[in-house]
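Shown here: structure_11.pdb, PDB, C-alpha atoms.
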ATOM      1  CA  MET A 153     167.410 115.093  11.407
ATOM      2  CA  THR A 154     166.004 113.428  14.512
ATOM      3  CA  LYS A 155     164.784 109.864  14.677
ATOM      4  CA  VAL A 156     162.665 108.320  17.433
ATOM      5  CA  ILE A 157     163.117 104.629  18.169
ATOM      6  CA  SER A 158     162.120 102.155  20.867
ATOM      7  CA  ILE A 159     164.702 100.746  23.213
ATOM      8  CA  GLU A 160     163.985  97.280  21.813
ATOM      9  CA  ASP A 161     164.834  98.461  18.281
ATOM     10  CA  VAL A 162     168.039 100.054  19.549
ATOM     11  CA  ARG A 163     169.169  96.704  20.840
ATOM     12  CA  GLU A 164     168.590  95.150  17.418
ATOM     13  CA  HIS A 165     170.030  97.987  15.285
ATOM     14  CA  LEU A 166     172.679  99.705  17.400
ATOM     15  CA  GLU A 167     175.496  99.400  14.860
ATOM     16  CA  ALA A 168     173.367 100.831  12.040
ATOM     17  CA  LEU A 169     172.126 103.662  14.266
ATOM     18  CA  ILE A 170     175.666 104.606  15.258
ATOM     19  CA  ALA A 171     176.726 104.573  11.606
ATOM     20  CA  GLU A 172     173.794 106.865  10.734
ATOM     21  CA  VAL A 173     174.653 109.261  13.560
ATOM     22  CA  GLN A 174     178.285 109.396  12.423
ATOM     23  CA  ALA A 175     177.576 109.710   8.702
ATOM     24  CA  HIS A 176     174.581 112.044   8.700
ATOM     25  CA  GLY A 177     174.578 113.772  12.091
ATOM     26  CA  THR A 178     171.228 112.187  12.927
ATOM     27  CA  SER A 179     170.112 112.379  16.549
ATOM     28  CA  VAL A 180     168.220 109.374  17.878
ATOM     29  CA  ILE A 181     165.710 109.718  20.703
ATOM     30  CA  ILE A 182     165.394 106.391  22.483
ATOM     31  CA  GLN A 183     162.042 105.631  24.069
ATOM     32  CA  ASN A 184     160.937 103.078  26.614
ATOM     33  CA  GLU A 185     157.172 102.542  26.661
ATOM     34  CA  ASP A 186     156.655 105.773  24.644
ATOM     35  CA  GLN A 187     158.694 107.830  27.113
ATOM     36  CA  PRO A 188     162.008 109.393  26.006
ATOM     37  CA  VAL A 189     164.837 107.995  28.129
ATOM     38  CA  ALA A 190     168.042 108.804  26.230
ATOM     39  CA  VAL A 191     169.488 110.437  23.132
ATOM     40  CA  LEU A 192     172.156 109.106  20.818
ATOM     41  CA  LEU A 193     174.102 111.875  19.110
ATOM     42  CA  SER A 194     177.465 112.430  17.503
ATOM     43  CA  GLU A 195     180.499 113.170  19.622
ATOM     44  CA  GLU A 196     180.852 116.483  17.801
ATOM     45  CA  GLU A 197     177.312 117.508  18.783
ATOM     46  CA  TYR A 198     177.873 116.339  22.357
ATOM     47  CA  ILE A 199     181.069 118.389  22.653
ATOM     48  CA  SER A 200     179.265 121.398  21.198
ATOM     49  CA  LEU A 201     176.459 121.058  23.765
ATOM     50  CA  LYS A 202     178.943 120.730  26.643
ATOM     51  CA  ARG A 203     180.834 123.814  25.395
ATOM     52  CA  LEU A 204     177.571 125.776  25.197
ATOM     53  CA  GLU A 205     176.639 124.623  28.702
ATOM     54  CA  LYS A 206     179.987 125.851  30.040
ATOM     55  CA  GLU A 207     179.744 129.192  28.200
ATOM     56  CA  THR A 208     176.215 129.731  29.518
ATOM     57  CA  ALA A 209     177.311 128.968  33.067
ATOM     58  CA  LEU A 210     180.170 131.462  32.771
ATOM     59  CA  GLN A 211     177.834 134.122  31.372
ATOM     60  CA  ASP A 212     175.374 133.508  34.210
ATOM     61  CA  LEU A 213     178.170 133.822  36.736
ATOM     62  CA  GLY A 214     179.408 137.051  35.126
ATOM     63  CA  ALA A 215     175.900 138.530  35.160
ATOM     64  CA  LEU A 216     175.514 137.574  38.803
ATOM     65  CA  LEU A 217     178.834 139.244  39.610
ATOM     66  CA  ASP A 218     177.678 142.425  37.842
ATOM     67  CA  GLN A 219     174.405 142.467  39.793
ATOM     68  CA  ILE A 220     176.091 141.978  43.129
ATOM     69  CA  HIS A 221     178.760 144.548  42.354
ATOM     70  CA  ALA A 222     176.106 147.116  41.325
ATOM     71  CA  ARG A 223     174.253 146.591  44.601
ATOM     72  CA  ASN A 224     177.413 146.752  46.651
ATOM     73  CA  THR A 225     179.497 149.577  45.203
ATOM     74  CA  HIS A 226     180.767 150.383  48.687
ATOM     75  CA  PHE A 227     182.548 146.985  48.815
ATOM     76  CA  SER A 228     185.792 146.158  47.052
ATOM     77  CA  GLU A 229     185.816 143.968  43.940
ATOM     78  CA  GLU A 230     187.300 141.092  45.951
ATOM     79  CA  GLU A 231     184.485 141.290  48.508
ATOM     80  CA  ALA A 232     181.896 141.358  45.725
ATOM     81  CA  ALA A 233     183.530 138.334  44.075
ATOM     82  CA  ARG A 234     183.276 136.391  47.345
ATOM     83  CA  ASP A 235     179.566 137.309  47.456
ATOM     84  CA  VAL A 236     179.115 135.997  43.914
ATOM     85  CA  VAL A 237     180.700 132.670  44.774
ATOM     86  CA  ARG A 238     178.589 132.368  47.900
ATOM     87  CA  ALA A 239     175.366 133.279  46.020
ATOM     88  CA  HIS A 240     176.209 130.840  43.233
ATOM     89  CA  HIS A 241     176.629 127.992  45.713
ATOM     90  CA  GLU A 242     173.322 128.887  47.342
ATOM     91  CA  ARG A 243     171.533 128.657  43.939
ATOM     92  CA  GLN A 244     172.696 125.082  43.382
TER      93      GLN A 244
END
The structure in this file should be written as structure tokens.
Amino acid sequence: MTKVISIEDVREHLEALIAEVQAHGTSVIIQNEDQPVAVLLSEEEYISLKRLEKETALQDLGALLDQIHARNTHFSEEEAARDVVRAHHERQ
């Protein structure tokens, strides 16, 4: 379940919101002047999101390596890997 709350209400009810997040896995979207500015979520959900982010980055890097290697079959695997690292840095 996701709850939306103003930043002013967060200040008044932070302890209760944290208890709700811990007990029920509720996510809380915090708004300032009707604009989302932050999200309060459980540590478990945060860790899961960070793990997913890392896995996705590794998959993207692997796919990029495959593409570069396919285009450069005349180069060694080490040379292709250097190209992947260079291309990845250029994308950031």
How close does each residue of segment 178-210 of chain A get to segment 159-163 of chain A, giving the shortest atom pair and distance in Å to one decimal for every residue with an atom at most 9 Å away, counting all atoms listed in the file, sorted by chain and residue number, as a tab-separated table?
residue	atom	partner	partner_atom	distance
A:Ile182	CA	A:Ile159	CA	5.7
A:Gln183	CA	A:Ile159	CA	5.6
A:Asn184	CA	A:Ile159	CA	5.6
A:Glu185	CA	A:Ile159	CA	8.5
A:Val189	CA	A:Ile159	CA	8.8
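For the structure shown here, the set of residues caught by the PyMOL selection byres ((chain A and resi 168-176) around 9) is Met153, Val162, His165, Leu166, Glu167, Gly177, Thr178, Ser179, Val180, Leu192, Leu193, Ser194 and Glu195 of chain A.
Atom CA of Ile220 of chain A is found 8.3 Å from atom CA of Ala233 of chain A.
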Tell me which of A:Glu196, A:Asp218, A:Asp212, A:Glu230 sits closest to Arg243 of chain A, counting all atoms listed in the file.
A:Asp212
Do you have the atom CA of Glu229 of chain A-atom CA of Leu213 of chain A distance handy?
14.6 Å
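Shortest atom-to-atom contact with Leu210 of chain A among A:Phe227, A:Ala222, A:Ala232, A:His240: A:His240, counting all atoms listed in the file.
As for atom CA of Lys155 of chain A and atom CA of Pro188 of chain A, they are spaced 11.7 Å apart.
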